[in-house]
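Structure data (mmCIF, C-alpha atoms and all ligand atoms) from protein-v6.cif:
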```
data_model
loop_
_atom_site.label_atom_id
_atom_site.label_comp_id
_atom_site.auth_asym_id
_atom_site.auth_seq_id
_atom_site.Cartn_x
_atom_site.Cartn_y
_atom_site.Cartn_z
CA MET A 1 -33.42 -161.13 68.48
CA ASN A 2 -30.27 -160.39 66.48
CA ASP A 3 -27.90 -162.99 67.85
CA ALA A 4 -24.83 -164.23 66.05
CA MET A 5 -23.17 -167.54 66.79
CA VAL A 6 -19.91 -169.08 65.74
CA VAL A 7 -20.01 -172.81 66.44
CA GLY A 8 -16.86 -174.93 66.35
CA VAL A 9 -15.39 -172.94 63.48
CA SER A 10 -11.97 -173.73 62.05
CA LYS A 11 -10.38 -172.04 59.05
CA ARG A 12 -7.40 -173.22 57.08
CA PHE A 13 -5.63 -171.44 54.25
CA GLY A 14 -3.58 -174.29 52.76
CA GLU A 15 -1.06 -175.17 55.46
CA VAL A 16 -2.00 -172.22 57.69
CA HIS A 17 -4.49 -172.97 60.46
CA ALA A 18 -5.86 -169.47 60.97
CA LEU A 19 -8.68 -170.52 63.35
CA HIS A 20 -9.12 -173.59 65.55
CA GLN A 21 -12.52 -174.62 66.89
CA ILE A 22 -13.85 -171.18 67.70
CA ASP A 23 -17.08 -170.94 69.70
CA LEU A 24 -18.49 -167.50 70.20
CA GLN A 25 -21.90 -166.02 70.92
CA ILE A 26 -22.69 -162.40 70.18
CA LYS A 27 -25.92 -161.51 71.93
CA SER A 28 -28.37 -159.02 70.51
CA GLY A 29 -27.05 -155.50 71.15
CA GLU A 30 -23.76 -156.72 72.58
CA PHE A 31 -20.45 -154.94 71.88
CA VAL A 32 -17.80 -157.63 71.51
CA ALA A 33 -14.11 -156.80 71.06
CA LEU A 34 -11.77 -159.33 69.45
CA LEU A 35 -8.40 -158.58 70.98
CA GLY A 36 -5.08 -160.22 70.25
CA PRO A 37 -1.64 -159.87 68.73
CA SER A 38 -0.96 -159.67 65.02
CA GLY A 39 -1.77 -162.88 63.16
CA CYS A 40 -3.99 -164.43 65.87
CA GLY A 41 -6.97 -164.68 63.50
CA LYS A 42 -9.10 -161.63 64.40
CA THR A 43 -9.63 -160.44 60.84
CA THR A 44 -10.26 -163.96 59.59
CA LEU A 45 -13.03 -164.39 62.16
CA LEU A 46 -14.55 -161.04 61.13
CA ARG A 47 -14.42 -162.02 57.44
CA LEU A 48 -16.20 -165.28 58.24
CA LEU A 49 -18.94 -163.36 60.05
CA ALA A 50 -19.24 -161.00 57.08
CA GLY A 51 -19.45 -163.83 54.54
CA PHE A 52 -16.22 -163.11 52.63
CA GLU A 53 -14.86 -166.51 53.62
CA SER A 54 -16.47 -169.84 54.41
CA PRO A 55 -15.36 -171.98 57.35
CA SER A 56 -13.30 -175.12 56.75
CA SER A 57 -15.46 -176.72 59.44
CA GLY A 58 -18.10 -175.53 61.88
CA GLU A 59 -21.09 -173.22 61.40
CA ILE A 60 -22.01 -169.55 61.50
CA TRP A 61 -25.48 -168.49 62.56
CA LEU A 62 -27.09 -165.07 62.21
CA ASN A 63 -30.53 -164.42 63.66
CA HIS A 64 -31.22 -168.11 64.10
CA GLU A 65 -30.37 -168.88 60.50
CA ARG A 66 -27.36 -170.96 59.51
CA VAL A 67 -25.54 -168.70 57.04
CA ALA A 68 -22.37 -170.69 56.56
CA ASP A 69 -20.84 -174.11 56.94
CA LYS A 70 -18.33 -175.91 54.76
CA ASN A 71 -20.99 -176.62 52.11
CA GLN A 72 -22.87 -173.33 51.87
CA LEU A 73 -22.26 -169.62 52.14
CA LYS A 74 -24.80 -166.83 52.25
CA PRO A 75 -23.06 -163.89 50.54
CA PRO A 76 -22.27 -160.64 52.39
CA GLU A 77 -24.88 -158.48 50.64
CA GLN A 78 -27.64 -160.79 51.86
CA ARG A 79 -26.53 -160.74 55.50
CA ARG A 80 -27.39 -157.13 56.41
CA ILE A 81 -24.00 -156.58 57.92
CA GLY A 82 -22.32 -153.19 58.18
CA MET A 83 -18.54 -152.99 57.91
CA VAL A 84 -16.00 -150.34 58.84
CA PHE A 85 -12.31 -150.75 58.00
CA GLN A 86 -9.13 -149.08 59.13
CA SER A 87 -8.64 -147.73 55.59
CA PHE A 88 -12.16 -146.12 55.49
CA ALA A 89 -12.69 -147.61 51.99
CA LEU A 90 -14.80 -144.70 50.72
CA TRP A 91 -15.43 -144.23 47.00
CA PRO A 92 -13.37 -141.20 46.03
CA HIS A 93 -15.56 -140.27 43.03
CA LEU A 94 -18.74 -140.19 45.11
CA THR A 95 -19.84 -137.37 47.40
CA VAL A 96 -20.45 -137.91 51.09
CA TYR A 97 -24.17 -138.19 50.36
CA GLU A 98 -23.64 -140.75 47.57
CA ASN A 99 -21.21 -142.80 49.65
CA VAL A 100 -23.68 -143.08 52.52
CA ALA A 101 -26.70 -143.69 50.25
CA PHE A 102 -24.91 -146.45 48.30
CA PRO A 103 -25.87 -149.42 50.52
CA LEU A 104 -29.54 -148.42 50.42
CA ARG A 105 -29.52 -149.26 46.70
CA HIS A 106 -27.12 -152.20 46.70
CA GLN A 107 -27.76 -154.14 49.88
CA GLN A 108 -30.52 -156.70 49.94
CA ASN A 109 -33.21 -156.73 52.62
CA VAL A 110 -32.97 -152.99 53.28
CA PRO A 111 -36.14 -151.80 55.06
CA GLU A 112 -38.51 -150.25 52.48
CA VAL A 113 -38.93 -147.09 54.51
CA TYR A 114 -35.23 -146.22 53.99
CA LYS A 115 -35.20 -147.22 50.33
CA ASN A 116 -38.19 -145.03 49.54
CA ASN A 117 -36.78 -141.96 51.20
CA PRO A 118 -32.99 -142.19 51.08
CA GLY A 119 -32.49 -138.42 51.49
CA ALA A 120 -34.07 -138.34 54.93
CA ARG A 121 -32.25 -141.47 56.07
CA VAL A 122 -28.83 -140.26 54.91
CA ALA A 123 -29.41 -136.86 56.56
CA GLU A 124 -30.36 -138.59 59.81
CA MET A 125 -27.20 -140.72 59.75
CA LEU A 126 -24.91 -137.80 58.92
CA GLU A 127 -26.47 -135.86 61.77
CA MET A 128 -25.80 -138.79 64.11
CA VAL A 129 -22.11 -138.89 63.22
CA GLY A 130 -21.77 -135.10 63.41
CA LEU A 131 -21.45 -134.42 59.67
CA GLY A 132 -24.71 -132.59 58.99
CA GLY A 133 -24.27 -130.16 56.06
CA MET A 134 -21.31 -131.98 54.46
CA GLU A 135 -23.38 -133.99 51.97
CA LYS A 136 -21.84 -132.44 48.85
CA ARG A 137 -18.17 -132.82 49.76
CA TYR A 138 -15.89 -135.46 48.28
CA PRO A 139 -13.70 -137.70 50.48
CA SER A 140 -10.59 -135.77 49.39
CA GLN A 141 -12.10 -132.67 51.03
CA LEU A 142 -12.42 -134.35 54.44
CA SER A 143 -10.07 -134.91 57.38
CA GLY A 144 -9.22 -138.46 58.52
CA GLY A 145 -11.74 -138.27 61.37
CA GLN A 146 -14.46 -137.01 59.03
CA LYS A 147 -13.76 -139.80 56.54
CA GLN A 148 -14.09 -142.36 59.30
CA ARG A 149 -17.44 -140.83 60.30
CA VAL A 150 -18.67 -141.16 56.69
CA ALA A 151 -17.56 -144.80 56.72
CA LEU A 152 -19.48 -145.27 59.96
CA ALA A 153 -22.63 -143.59 58.59
CA ARG A 154 -22.41 -145.79 55.47
CA ALA A 155 -22.11 -148.92 57.62
CA ILE A 156 -25.21 -148.17 59.72
CA VAL A 157 -27.50 -146.48 57.17
CA PHE A 158 -29.41 -149.67 56.27
CA ASN A 159 -29.91 -150.62 59.91
CA PRO A 160 -27.62 -153.65 59.92
CA THR A 161 -28.25 -156.49 62.31
CA LEU A 162 -24.53 -156.73 62.97
CA LEU A 163 -21.81 -154.10 62.66
CA LEU A 164 -18.27 -155.36 62.06
CA MET A 165 -15.36 -153.01 62.67
CA ASP A 166 -11.75 -153.88 61.81
CA GLU A 167 -9.27 -151.60 63.62
CA PRO A 168 -11.45 -148.62 62.65
CA LEU A 169 -9.48 -146.05 64.65
CA SER A 170 -5.90 -147.13 64.11
CA SER A 171 -5.15 -144.65 61.33
CA LEU A 172 -6.35 -141.69 63.42
CA ASP A 173 -4.18 -139.65 65.78
CA ALA A 174 -4.35 -140.27 69.54
CA GLU A 175 -6.72 -137.42 70.41
CA LEU A 176 -9.16 -138.22 67.63
CA ARG A 177 -9.12 -141.88 68.58
CA ILE A 178 -10.36 -141.06 72.07
CA GLN A 179 -13.09 -138.81 70.66
CA MET A 180 -14.20 -141.42 68.10
CA ARG A 181 -14.38 -144.07 70.83
CA LYS A 182 -17.06 -141.97 72.50
CA GLU A 183 -18.90 -141.49 69.22
CA ILE A 184 -18.91 -145.21 68.49
CA GLN A 185 -20.23 -145.87 72.00
CA HIS A 186 -22.89 -143.21 71.43
CA ILE A 187 -23.97 -144.82 68.15
CA HIS A 188 -24.03 -148.23 69.79
CA ARG A 189 -26.31 -146.89 72.54
CA GLU A 190 -28.58 -145.10 70.05
CA LEU A 191 -28.96 -147.98 67.58
CA GLY A 192 -28.59 -150.99 69.85
CA THR A 193 -26.82 -152.84 67.01
CA SER A 194 -24.58 -155.77 67.93
CA ILE A 195 -20.96 -154.87 67.23
CA VAL A 196 -17.89 -157.02 66.69
CA TYR A 197 -14.84 -154.81 66.96
CA VAL A 198 -11.35 -156.01 66.06
CA THR A 199 -8.43 -154.35 67.79
CA HIS A 200 -4.97 -155.07 69.09
CA ASP A 201 -5.26 -152.06 71.41
CA GLN A 202 -6.16 -153.34 74.87
CA SER A 203 -7.22 -149.93 76.17
CA GLU A 204 -9.73 -149.61 73.33
CA ALA A 205 -11.20 -153.02 74.13
CA LEU A 206 -11.31 -152.37 77.89
CA ALA A 207 -12.91 -148.95 77.39
CA MET A 208 -15.65 -149.86 74.94
CA ALA A 209 -16.64 -153.51 74.95
CA ASP A 210 -19.29 -155.40 76.91
CA LYS A 211 -17.33 -158.55 76.23
CA ILE A 212 -13.68 -159.04 75.29
CA VAL A 213 -12.54 -162.14 73.43
CA VAL A 214 -8.78 -162.51 73.78
CA MET A 215 -7.36 -164.55 70.90
CA ARG A 216 -4.01 -166.21 70.48
CA GLY A 217 -2.74 -168.44 67.70
CA GLY A 218 -6.21 -168.91 66.17
CA ARG A 219 -7.87 -169.90 69.47
CA VAL A 220 -9.97 -168.12 72.05
CA GLU A 221 -7.70 -167.73 75.06
CA GLN A 222 -10.36 -166.15 77.29
CA ALA A 223 -13.71 -164.40 76.87
CA GLY A 224 -15.33 -162.23 79.50
CA THR A 225 -16.29 -158.75 80.62
CA PRO A 226 -13.47 -156.18 80.70
CA HIS A 227 -13.51 -156.51 84.52
CA GLU A 228 -13.15 -160.31 84.36
CA ILE A 229 -10.39 -160.17 81.77
CA TYR A 230 -8.48 -157.55 83.75
CA TYR A 231 -8.94 -158.84 87.30
CA SER A 232 -9.36 -162.57 86.67
CA PRO A 233 -6.99 -163.43 83.85
CA GLN A 234 -7.09 -167.16 83.22
CA SER A 235 -3.66 -167.52 81.65
CA PRO A 236 -0.29 -165.80 81.93
CA PHE A 237 -0.77 -164.66 78.32
CA VAL A 238 -3.99 -162.76 79.14
CA ALA A 239 -2.46 -161.29 82.29
CA LYS A 240 0.45 -159.94 80.24
CA PHE A 241 -1.40 -158.96 77.09
CA VAL A 242 -4.23 -157.01 78.76
CA GLY A 243 -2.87 -154.39 81.11
CA ARG A 244 0.24 -154.81 83.25
CA ALA A 245 0.65 -157.64 85.73
CA ASN A 246 2.98 -158.71 88.51
CA PHE A 247 3.52 -162.43 88.86
CA VAL A 248 3.95 -162.55 92.61
CA LYS A 249 5.90 -165.61 93.81
CA GLY A 250 4.77 -167.77 96.71
CA GLN A 251 2.92 -171.00 97.26
CA TRP A 252 -0.68 -172.07 96.75
CA ALA A 253 -1.75 -173.73 100.02
CA ASP A 254 -5.23 -174.37 98.59
CA PRO A 255 -7.20 -172.86 95.66
CA HIS A 256 -8.12 -169.82 97.74
CA THR A 257 -5.05 -169.35 99.93
CA PHE A 258 -1.81 -168.03 98.56
CA LEU A 259 1.21 -167.91 100.87
CA LEU A 260 3.22 -164.81 100.09
CA GLU A 261 6.95 -164.92 100.54
CA ARG A 262 8.23 -162.88 103.44
CA ASP A 263 11.92 -162.90 104.31
CA GLY A 264 12.46 -165.72 101.82
CA GLN A 265 9.69 -167.95 103.26
CA ALA A 266 6.21 -168.55 101.88
CA SER A 267 4.58 -167.63 105.15
CA LEU A 268 2.08 -164.81 104.77
CA PRO A 269 -1.38 -166.18 103.92
CA LEU A 270 -3.51 -164.21 101.50
CA ARG A 271 -7.18 -165.00 100.97
CA VAL A 272 -7.93 -165.07 97.24
CA SER A 273 -11.60 -165.13 96.24
CA GLN A 274 -11.04 -165.61 92.49
CA ASP A 275 -10.14 -168.84 90.78
CA PHE A 276 -6.55 -168.68 89.57
CA ALA A 277 -6.08 -172.39 88.84
CA PRO A 278 -3.94 -171.82 85.70
CA PHE A 279 -1.33 -170.13 87.92
CA HIS A 280 -1.13 -172.90 90.55
CA ALA A 281 1.55 -174.97 88.83
CA ASP A 282 3.93 -171.99 88.62
CA GLN A 283 3.18 -171.00 92.24
CA VAL A 284 2.45 -167.41 91.27
CA LEU A 285 -0.43 -164.99 91.80
CA PRO A 286 -1.21 -162.44 89.06
CA VAL A 287 -1.63 -159.02 90.65
CA ARG A 288 -2.44 -155.79 88.83
CA PRO A 289 -0.45 -152.67 89.78
CA ASP A 290 -3.65 -151.05 91.10
CA GLN A 291 -4.28 -154.03 93.44
CA ILE A 292 -1.28 -153.17 95.59
CA LYS A 293 -1.27 -150.61 98.38
CA LEU A 294 1.82 -149.10 99.96
CA HIS A 295 2.15 -148.01 103.59
CA PRO A 296 5.06 -146.51 105.50
CA TRP A 297 7.21 -149.33 106.89
CA ASN A 298 7.60 -149.92 110.60
CA GLU A 299 8.49 -153.01 112.58
CA GLY A 300 5.36 -155.08 113.07
CA ALA A 301 3.66 -153.59 110.00
CA ASP A 302 1.41 -155.95 108.07
CA GLY A 303 2.44 -157.01 104.61
CA VAL A 304 5.70 -157.54 102.88
CA ARG A 305 8.67 -155.24 103.20
CA GLY A 306 9.90 -153.50 100.08
CA ARG A 307 12.03 -150.62 98.93
CA VAL A 308 11.12 -147.94 96.40
CA GLN A 309 13.36 -148.33 93.35
CA HIS A 310 11.69 -146.00 90.94
CA VAL A 311 8.87 -143.43 90.92
CA GLN A 312 7.11 -142.12 87.84
CA PHE A 313 4.60 -139.28 87.96
CA GLN A 314 1.69 -140.13 85.62
CA GLY A 315 -0.78 -137.34 86.30
CA ARG A 316 -3.59 -138.97 88.25
CA GLU A 317 -1.35 -141.71 89.66
CA LEU A 318 2.18 -142.54 90.64
CA LEU A 319 3.81 -145.61 89.21
CA TYR A 320 6.31 -147.23 91.55
CA SER A 321 8.81 -150.03 91.09
CA ILE A 322 9.19 -151.73 94.44
CA GLN A 323 12.04 -154.11 95.16
CA ILE A 324 10.91 -157.08 97.26
CA GLY A 325 13.69 -159.57 97.85
CA LYS A 326 14.93 -160.39 94.35
CA GLU A 327 11.64 -159.39 92.71
CA GLU A 328 10.47 -156.05 91.43
CA TRP A 329 6.75 -155.22 91.53
CA GLU A 330 4.94 -152.50 89.68
CA VAL A 331 2.52 -150.51 91.84
CA ALA A 332 0.05 -147.83 90.76
CA SER A 333 -0.98 -145.57 93.58
CA ASP A 334 -3.01 -142.39 93.75
CA ILE A 335 -1.00 -139.27 94.35
CA GLY A 336 -2.40 -138.90 97.89
CA THR A 337 0.32 -141.15 99.28
CA SER A 338 3.77 -140.45 98.10
CA PHE A 339 7.06 -142.21 98.68
CA SER A 340 10.51 -141.43 97.38
CA TYR A 341 13.39 -143.40 95.98
CA GLY A 342 14.94 -145.58 98.71
CA ASP A 343 11.96 -145.43 101.12
CA GLN A 344 11.08 -148.63 102.93
CA VAL A 345 7.42 -149.54 102.48
CA ALA A 346 4.97 -152.17 103.65
CA VAL A 347 3.31 -153.69 100.62
CA GLU A 348 -0.26 -154.91 100.89
CA ILE A 349 -2.00 -156.95 98.18
CA LEU A 350 -5.74 -156.43 97.70
CA VAL A 351 -7.16 -159.21 95.53
P1 LIG A 401 -3.47 -158.45 62.27
O1 LIG A 401 -3.73 -157.83 63.61
O2 LIG A 401 -2.01 -158.41 61.88
O3 LIG A 401 -4.39 -157.95 61.19
P2 LIG A 401 -5.10 -160.83 62.63
O4 LIG A 401 -5.21 -161.26 64.04
O5 LIG A 401 -6.24 -160.08 62.06
O6 LIG A 401 -3.74 -160.02 62.43
P3 LIG A 401 -5.50 -162.66 60.43
O7 LIG A 401 -5.38 -161.61 59.37
O8 LIG A 401 -6.85 -163.17 60.71
O9 LIG A 401 -4.81 -162.15 61.79
O10 LIG A 401 -4.54 -163.87 60.04
C1 LIG A 401 -4.46 -165.08 60.78
C2 LIG A 401 -3.48 -166.04 60.10
O11 LIG A 401 -4.01 -166.49 58.86
C3 LIG A 401 -2.14 -165.40 59.77
O12 LIG A 401 -1.14 -166.37 59.96
C4 LIG A 401 -2.28 -165.02 58.31
O13 LIG A 401 -1.01 -164.98 57.68
C5 LIG A 401 -3.14 -166.14 57.79
N1 LIG A 401 -3.99 -165.73 56.64
C6 LIG A 401 -4.98 -164.82 56.65
N2 LIG A 401 -5.56 -164.71 55.43
C7 LIG A 401 -4.91 -165.58 54.63
C8 LIG A 401 -5.03 -165.96 53.25
N3 LIG A 401 -5.98 -165.42 52.47
N4 LIG A 401 -4.18 -166.88 52.79
C9 LIG A 401 -3.22 -167.45 53.57
N5 LIG A 401 -3.07 -167.16 54.86
C10 LIG A 401 -3.89 -166.24 55.40
#
```
What would you get if you wrote out this structure as structure tokens?
Ligand code: ATP
Amino acid sequence: MNDAMVVGVSKRFGEVHALHQIDLQIKSGEFVALLGPSGCGKTTLLRLLAGFESPSSGEIWLNHERVADKNQLKPPEQRRIGMVFQSFALWPHLTVYENVAFPLRHQQNVPEVYKNNPGARVAEMLEMVGLGGMEKRYPSQLSGGQKQRVALARAIVFNPTLLLMDEPLSSLDAELRIQMRKEIQHIHRELGTSIVYVTHDQSEALAMADKIVVMRGGRVEQAGTPHEIYYSPQSPFVAKFVGRANFVKGQWADPHTFLLERDGQASLPLRVSQDFAPFHADQVLPVRPDQIKLHPWNEGADGVRGRVQHVQFQGRELLYSIQIGKEEWEVASDIGTSFSYGDQVAVEILV
């Protein structure tokens, strides 16, 4: 089993506390995204996993072996870890073939079968990333997307036990980014390698990862599946940072009953199955725009009364701003139901 474990890891650079007491398990074959704003410690954590840095305290384990603590550090080339960077980091004087074959000669613990027949292995990898036939080109003769594919092939050629990716798509244009997401998912499925993927792009993390680790100020703010992170945020920071959120005002009557405000009174009980304890003190309920349904308003209608303030056509959905008392909620609705500016609506929350 190719597990990786980060146990109570802290990292200081002089006065800077880059990481505080990080605990993280990466299960064999798991795709883990580290998501967070600039400076939260994502790259530092990746560099610790790779072996470029040692922890100030705590331990790093790869495949049931302790590879780093504050007294020892197993170097990167002995860890069988593949790395892909935003900058591609290809050798300009080497051909595509030579770039991809390089780790087979220089990494330790490369399976003999690949070492003995590098040509076949490199061809197989280039085929997998859609670059068959480009062996003889130099990086300067490739597009950005092709360079990133070479970097990917080079990172997986020696069958790494862990693949680390640091913002690998951020220098590509929007269309290519979407295409490369699919290719990375394809490679992950084919190889079954565990992946740790650093990004500050929430849509990338939500789209690709099995598990998202949201980081903030050198700490893990929340870890969970994309569904858990999106629908059960455990802090206002996560609710705001991942997707859009309404902080609906009311009153928590008990941990699973939220009284929505109607006509200025917290009077409309809403059954809430999830645990939103971190939001109890502020007497708010985090609600995603797609968890709100609009109906035509009539006297006696269920729900809260609101007025359409703004409508944006977004292709597959309509994005509304709905004025409710002094608050404004964001609502995403399919284009089947449509309301116009000024319409009165009954607003139903589905959590
Ligand atoms: P970004 O998304 O901007 O790359 P990040 O989440 O990857 O940010 P890190 O690069 O891990 O963040 O940095 C975390 C903190 O540690 C920052 O405050 C950074 O300035 C600091 N830091 C990182 N490397 C060093 C270093 N070698 N020396 C001093 N401080 C460092």
Once you count all atoms listed in the file, which residues end up no further than 6 Å from (12.0, -151.0, 97.2) in the file's frame, shown as a JSON list (two decimals) with C-alpha atoms, keeping the file's coordinate frame?
```json
[["chain", "number", "residue", "atom", "x", "y", "z"],
["A", 306, "GLY", "CA", 9.90, -153.50, 100.08],
["A", 307, "ARG", "CA", 12.03, -150.62, 98.93],
["A", 308, "VAL", "CA", 11.12, -147.94, 96.40],
["A", 309, "GLN", "CA", 13.36, -148.33, 93.35],
["A", 322, "ILE", "CA", 9.19, -151.73, 94.44],
["A", 323, "GLN", "CA", 12.04, -154.11, 95.16]]
```
Atom C2 of ligand LIG 401 (chain A) and atom CA of Arg66 of chain A, how far apart in Å? 24.4 Å
For the interface of segment 288-334 of chain A with segment 226-249 of chain A (cut-off 12 Å, counting all atoms listed in the file), please tabulate each contacting residue of segment 288-334 of chain A alongside its nearest pair of atoms and their separation in Å to one decimal, rows sorted by chain and increasing number, as CSV.
```
residue,atom,partner,partner_atom,distance
A:Arg288,CA,A:Ala245,CA,4.8
A:Pro289,CA,A:Ala245,CA,6.5
A:Asp290,CA,A:Ala245,CA,9.5
A:Gln291,CA,A:Tyr231,CA,9.1
A:Ile292,CA,A:Asn246,CA,9.9
A:Val304,CA,A:Val248,CA,11.6
A:Leu319,CA,A:Arg244,CA,11.5
A:Ser321,CA,A:Asn246,CA,10.8
A:Ile322,CA,A:Asn246,CA,11.1
A:Gln323,CA,A:Val248,CA,12.0
A:Ile324,CA,A:Val248,CA,10.0
A:Gly325,CA,A:Lys249,CA,10.7
A:Lys326,CA,A:Lys249,CA,10.4
A:Glu327,CA,A:Val248,CA,8.3
A:Glu328,CA,A:Asn246,CA,8.5
A:Trp329,CA,A:Asn246,CA,6.0
A:Glu330,CA,A:Asn246,CA,6.6
A:Val331,CA,A:Asn246,CA,8.9
A:Ala332,CA,A:Arg244,CA,10.3
```
Taking all atoms listed in the file into account, which residues have an atom no farther than 7 Å from ligand LIG 401 (chain A)? I'd like them as a PyMOL selection string. chain A and resi 13-14+16-18+36-45+200+218
So how many Å separate atom CA of Leu90 of chain A and atom CA of Arg121 of chain A, to one decimal?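 Taking atom CA of Leu90 of chain A as the start and atom CA of Arg121 of chain A as the end point, the length is 18.5 Å.
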Can you tell me, as a VMD selection string, what residues are no more than 10 Å from Gln108 of chain A when counting all atoms listed in the file, ignoring any on the same chain fewer than 4 positions away? chain A and resid 76 to 80 103 to 104 158
Only C-alpha atoms, please: the residues just picked out, written as a PDB file, in the frame of the given file.
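Output below, filename selection_28.pdb:
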```pdb
ATOM      1  CA  PRO A  76     -22.270-160.640  52.390  1.00  0.00           C
ATOM      2  CA  GLU A  77     -24.880-158.480  50.640  1.00  0.00           C
ATOM      3  CA  GLN A  78     -27.640-160.790  51.860  1.00  0.00           C
ATOM      4  CA  ARG A  79     -26.530-160.740  55.500  1.00  0.00           C
ATOM      5  CA  ARG A  80     -27.390-157.130  56.410  1.00  0.00           C
ATOM      6  CA  PRO A 103     -25.870-149.420  50.520  1.00  0.00           C
ATOM      7  CA  LEU A 104     -29.540-148.420  50.420  1.00  0.00           C
ATOM      8  CA  PHE A 158     -29.410-149.670  56.270  1.00  0.00           C
TER       9      PHE A 158
END
```
From the list A:Tyr97, A:Phe52, A:Phe31, A:Trp91, which residue is nearest Arg137 of chain A when using only C-alpha atoms? A:Tyr97
Fewer than 2 positions away in the same chain doesn't count, so skip those; otherwise give me all residues within 9 Å of segment 189-193 of chain A, counting all atoms listed in the file, as a list in words.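 Listing them by chain and then by number gives Asn2, Ser28, Gly29, Glu30, Phe31, Ile156, Asn159, Pro160, Thr161, Leu162, Leu163, Ile184, Gln185, His186, Ile187 and Ile195 of chain A.
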Rank nothing, just name the residue among A:Arg105, A:Asp282, A:Ser338, A:Gln86 nearest to Asn117 of chain A, using only C-alpha atoms.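 Residue with the minimum atom-to-atom distance to Asn117 of chain A: A:Arg105.
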Smallest atom-to-atom distance to Ser203 of chain A: which of A:Val100, A:Val220, A:Ala123, A:Ile178, using all atoms listed in the file?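 The closest residue to Ser203 of chain A is A:Ile178.
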Which residues, protein or nucleic acid, reach to within 9 Å of (-26.7, -141.9, 56.8) in the file's coordinates when using all atoms listed in the file, and can you give that as a VMD selection string? chain A and resid 97 100 to 101 118 to 129 150 152 to 158
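The gap separating atom CA of Arg181 of chain A from atom CA of Gly144 of chain A is 14.5 Å, in Å to one decimal.
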Residue contacts of Glu65 of chain A (12 Å, all atoms listed in the file) excluding same-chain residues fewer than 6 positions away, as a ChimeraX atom specification: /A:1-6,59,73-74,79
From the options A:Ile22, A:Pro286, A:Leu34, A:Asn71, which residue's atoms come nearest to Asp201 of chain A, counting all atoms listed in the file?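 Using all atoms listed in the file, Asp201 of chain A sits closest to A:Leu34.
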Selected residue, from A:Met134, A:His310, A:Gln179, A:Ile60, that lies nearest to Gly342 of chain A when counting all atoms listed in the file: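 Among the listed residues, the smallest separation from Gly342 of chain A belongs to A:His310.
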In terms of the shortest atom-to-atom distance over only C-alpha atoms, which of A:Gln107, A:Met180, A:Gly58, A:Ala50 is closest to Ser10 of chain A? A:Gly58
